[in-house]
Amino acid sequence: MDDCSADGAAIGELAAKYHCTYIRNEKNRGKGYSVRKGFEHAEGDYFVFMDGDFPFDLSVLLVLMAALESGDADMVIGDRTLAASSFPADLPWMRKIGSNVISSLAGRYITPGHYDTQCGIKGFRRESAAAVFGQLTQDRFCFDIELLFLATRKQFVIKAIPVTVKRQQGSTVRVLRDGLDVLKAIFVIYYNKISGKYTI
């Protein structure tokens, strides 16, 4: 999935080289919209997505797929809070604080037991993904929170795995703007929850 990036031509060529399906949004629609659209075109027994800047050591994909193929989990998620996870020590302090606030709110009120909602790698068995993707309403960063909320409410077996986070240049995350958007979405998801909008 290409969410209307400036590198569309290069990405399309790379996809063709490796015989991948290339899908491009005509305008920027956000992570949630793009992942849902990707699922609509996906084939196979498993569905896995990762943030487009590939922020993790790719060996995590082998661990994730092994967990799914074992049949012991409906959903597998990366979790940066696990003891075996590692990440750059020089992350901006505002980003650390913002992430902690959002994780605490989500983990307490929306996704009980799962505090690293925004880790950018997740995988499903196809039938599990199909059970939740049709109910998702969030188009941007908060898609991950809503996804985990529905998975926990449907009592999915969710396995968390450690990740190795690589140092990234030129992140598109804007702490204040994106943080406020996430907080707003948490309240929307919570309202949808108590008003019975979701089918569990």
# chains A, B, ... in the order shown; residues from 1 in each chain; ligands from 1
call {"tool": "select_by_dssp", "arguments": {"residues": "segment 105-197 of chain A", "states": "helix (DSSP H, G or I)", "output": "mmCIF file with C-alpha atoms, in the first residue's frame"}}
result
data_model
loop_
_atom_site.group_PDB
_atom_site.id
_atom_site.type_symbol
_atom_site.label_atom_id
_atom_site.label_comp_id
_atom_site.auth_asym_id
_atom_site.auth_seq_id
_atom_site.Cartn_x
_atom_site.Cartn_y
_atom_site.Cartn_z
ATOM 1 C CA LEU A 105 -5.025 5.714 28.821
ATOM 2 C CA ALA A 106 -5.541 3.094 26.127
ATOM 3 C CA GLY A 107 -4.299 0.208 28.270
ATOM 4 C CA ARG A 108 -6.580 1.141 31.148
ATOM 5 C CA TYR A 109 -9.800 2.082 29.361
ATOM 6 C CA ARG A 126 -7.265 -14.401 7.957
ATOM 7 C CA GLU A 127 -10.531 -15.268 9.680
ATOM 8 C CA SER A 128 -9.541 -13.219 12.720
ATOM 9 C CA ALA A 129 -8.737 -10.162 10.603
ATOM 10 C CA ALA A 130 -12.040 -10.520 8.756
ATOM 11 C CA ALA A 131 -13.914 -10.527 12.077
ATOM 12 C CA VAL A 132 -12.662 -7.070 13.061
ATOM 13 C CA PHE A 133 -11.657 -5.108 9.963
ATOM 14 C CA PHE A 143 -6.585 2.586 13.945
ATOM 15 C CA ASP A 144 -4.208 0.420 16.024
ATOM 16 C CA ILE A 145 -6.032 1.227 19.265
ATOM 17 C CA GLU A 146 -9.443 0.452 17.786
ATOM 18 C CA LEU A 147 -8.102 -2.749 16.250
ATOM 19 C CA LEU A 148 -6.762 -3.997 19.591
ATOM 20 C CA PHE A 149 -9.958 -2.919 21.337
ATOM 21 C CA LEU A 150 -12.113 -5.042 19.049
ATOM 22 C CA ALA A 151 -9.700 -7.977 19.262
ATOM 23 C CA THR A 152 -9.769 -7.948 23.071
ATOM 24 C CA ARG A 153 -13.554 -7.567 23.185
ATOM 25 C CA VAL A 175 4.039 14.758 18.905
ATOM 26 C CA LEU A 176 1.518 17.484 19.795
ATOM 27 C CA ARG A 177 -0.680 17.250 16.701
ATOM 28 C CA ASP A 178 -0.754 13.471 16.521
ATOM 29 C CA GLY A 179 -1.039 13.132 20.304
ATOM 30 C CA LEU A 180 -4.158 15.306 20.373
ATOM 31 C CA ASP A 181 -5.650 13.315 17.490
ATOM 32 C CA VAL A 182 -5.022 10.061 19.387
ATOM 33 C CA LEU A 183 -6.591 11.412 22.584
ATOM 34 C CA LYS A 184 -9.667 12.527 20.638
ATOM 35 C CA ALA A 185 -9.959 9.109 19.006
ATOM 36 C CA ILE A 186 -9.639 7.320 22.359
ATOM 37 C CA PHE A 187 -12.692 9.209 23.581
ATOM 38 C CA VAL A 188 -14.551 8.429 20.333
ATOM 39 C CA ILE A 189 -13.744 4.711 20.640
ATOM 40 C CA TYR A 190 -14.775 4.736 24.306
ATOM 41 C CA TYR A 191 -18.061 6.454 23.401
ATOM 42 C CA ASN A 192 -18.685 3.922 20.624
ATOM 43 C CA LYS A 193 -18.000 1.184 23.156
ATOM 44 C CA ILE A 194 -20.482 2.363 25.788
#
call {"tool": "atom_distance", "arguments": {"atom1": "atom CA of Thr21 of chain A", "atom2": "atom CA of Glu40 of chain A"}}
result
12.1 Å
call {"tool": "closest_residue", "arguments": {"among": "A:Asp74, A:Glu13, A:Asp116, A:Asp45", "to": "Val157 of chain A", "atoms": "only C-alpha atoms"}}
result
A:Asp74
call {"tool": "residues_around", "arguments": {"residues": "Phe47 of chain A", "least_positions_apart": "6", "cutoff": "7 Å", "atoms": "only C-alpha atoms", "output": "PyMOL selection string"}}
result
chain A and resi 123-126
call {"tool": "atom_distance", "arguments": {"atom1": "atom CA of Tyr115 of chain A", "atom2": "atom CA of Phe87 of chain A"}}
result
16.6 Å
call {"tool": "decode", "arguments": {"residues": "segment 179-197 of chain A", "atoms": "N, CA and C atoms", "output": "PDB file, in the first residue's frame"}}
result
ATOM      1  N   GLY A 179      -0.602  13.507  18.962  1.00  0.00           N
ATOM      2  CA  GLY A 179      -1.039  13.132  20.304  1.00  0.00           C
ATOM      3  C   GLY A 179      -2.460  13.582  20.580  1.00  0.00           C
ATOM      4  N   LEU A 180      -2.799  14.812  20.181  1.00  0.00           N
ATOM      5  CA  LEU A 180      -4.158  15.306  20.373  1.00  0.00           C
ATOM      6  C   LEU A 180      -5.161  14.505  19.547  1.00  0.00           C
ATOM      7  N   ASP A 181      -4.768  14.133  18.335  1.00  0.00           N
ATOM      8  CA  ASP A 181      -5.650  13.315  17.490  1.00  0.00           C
ATOM      9  C   ASP A 181      -5.915  11.958  18.140  1.00  0.00           C
ATOM     10  N   VAL A 182      -4.864  11.364  18.732  1.00  0.00           N
ATOM     11  CA  VAL A 182      -5.022  10.061  19.387  1.00  0.00           C
ATOM     12  C   VAL A 182      -5.935  10.180  20.599  1.00  0.00           C
ATOM     13  N   LEU A 183      -5.743  11.224  21.409  1.00  0.00           N
ATOM     14  CA  LEU A 183      -6.591  11.412  22.584  1.00  0.00           C
ATOM     15  C   LEU A 183      -8.059  11.576  22.181  1.00  0.00           C
ATOM     16  N   LYS A 184      -8.303  12.348  21.132  1.00  0.00           N
ATOM     17  CA  LYS A 184      -9.667  12.527  20.638  1.00  0.00           C
ATOM     18  C   LYS A 184     -10.259  11.192  20.208  1.00  0.00           C
ATOM     19  N   ALA A 185      -9.466  10.402  19.497  1.00  0.00           N
ATOM     20  CA  ALA A 185      -9.959   9.109  19.006  1.00  0.00           C
ATOM     21  C   ALA A 185     -10.223   8.132  20.147  1.00  0.00           C
ATOM     22  N   ILE A 186      -9.399   8.190  21.210  1.00  0.00           N
ATOM     23  CA  ILE A 186      -9.639   7.320  22.359  1.00  0.00           C
ATOM     24  C   ILE A 186     -11.018   7.595  22.947  1.00  0.00           C
ATOM     25  N   PHE A 187     -11.371   8.865  23.053  1.00  0.00           N
ATOM     26  CA  PHE A 187     -12.692   9.209  23.581  1.00  0.00           C
ATOM     27  C   PHE A 187     -13.796   8.760  22.623  1.00  0.00           C
ATOM     28  N   VAL A 188     -13.562   8.887  21.314  1.00  0.00           N
ATOM     29  CA  VAL A 188     -14.551   8.429  20.333  1.00  0.00           C
ATOM     30  C   VAL A 188     -14.756   6.919  20.437  1.00  0.00           C
ATOM     31  N   ILE A 189     -13.658   6.171  20.520  1.00  0.00           N
ATOM     32  CA  ILE A 189     -13.744   4.711  20.640  1.00  0.00           C
ATOM     33  C   ILE A 189     -14.458   4.331  21.929  1.00  0.00           C
ATOM     34  N   TYR A 190     -14.125   5.036  23.024  1.00  0.00           N
ATOM     35  CA  TYR A 190     -14.775   4.736  24.306  1.00  0.00           C
ATOM     36  C   TYR A 190     -16.274   5.025  24.229  1.00  0.00           C
ATOM     37  N   TYR A 191     -16.638   6.136  23.566  1.00  0.00           N
ATOM     38  CA  TYR A 191     -18.061   6.454  23.401  1.00  0.00           C
ATOM     39  C   TYR A 191     -18.759   5.391  22.551  1.00  0.00           C
ATOM     40  N   ASN A 192     -18.113   4.983  21.462  1.00  0.00           N
ATOM     41  CA  ASN A 192     -18.685   3.922  20.624  1.00  0.00           C
ATOM     42  C   ASN A 192     -18.884   2.642  21.428  1.00  0.00           C
ATOM     43  N   LYS A 193     -17.931   2.384  22.319  1.00  0.00           N
ATOM     44  CA  LYS A 193     -18.000   1.184  23.156  1.00  0.00           C
ATOM     45  C   LYS A 193     -19.214   1.216  24.069  1.00  0.00           C
ATOM     46  N   ILE A 194     -19.392   2.311  24.816  1.00  0.00           N
ATOM     47  CA  ILE A 194     -20.482   2.363  25.788  1.00  0.00           C
ATOM     48  C   ILE A 194     -21.847   2.562  25.129  1.00  0.00           C
ATOM     49  N   SER A 195     -21.842   3.076  23.889  1.00  0.00           N
ATOM     50  CA  SER A 195     -23.113   3.290  23.192  1.00  0.00           C
ATOM     51  C   SER A 195     -23.533   2.073  22.364  1.00  0.00           C
ATOM     52  N   GLY A 196     -22.694   1.019  22.357  1.00  0.00           N
ATOM     53  CA  GLY A 196     -23.069  -0.210  21.665  1.00  0.00           C
ATOM     54  C   GLY A 196     -22.911  -0.178  20.157  1.00  0.00           C
ATOM     55  N   LYS A 197     -22.045   0.704  19.651  1.00  0.00           N
ATOM     56  CA  LYS A 197     -21.892   0.819  18.195  1.00  0.00           C
ATOM     57  C   LYS A 197     -21.227  -0.415  17.607  1.00  0.00           C
TER      58      LYS A 197
END
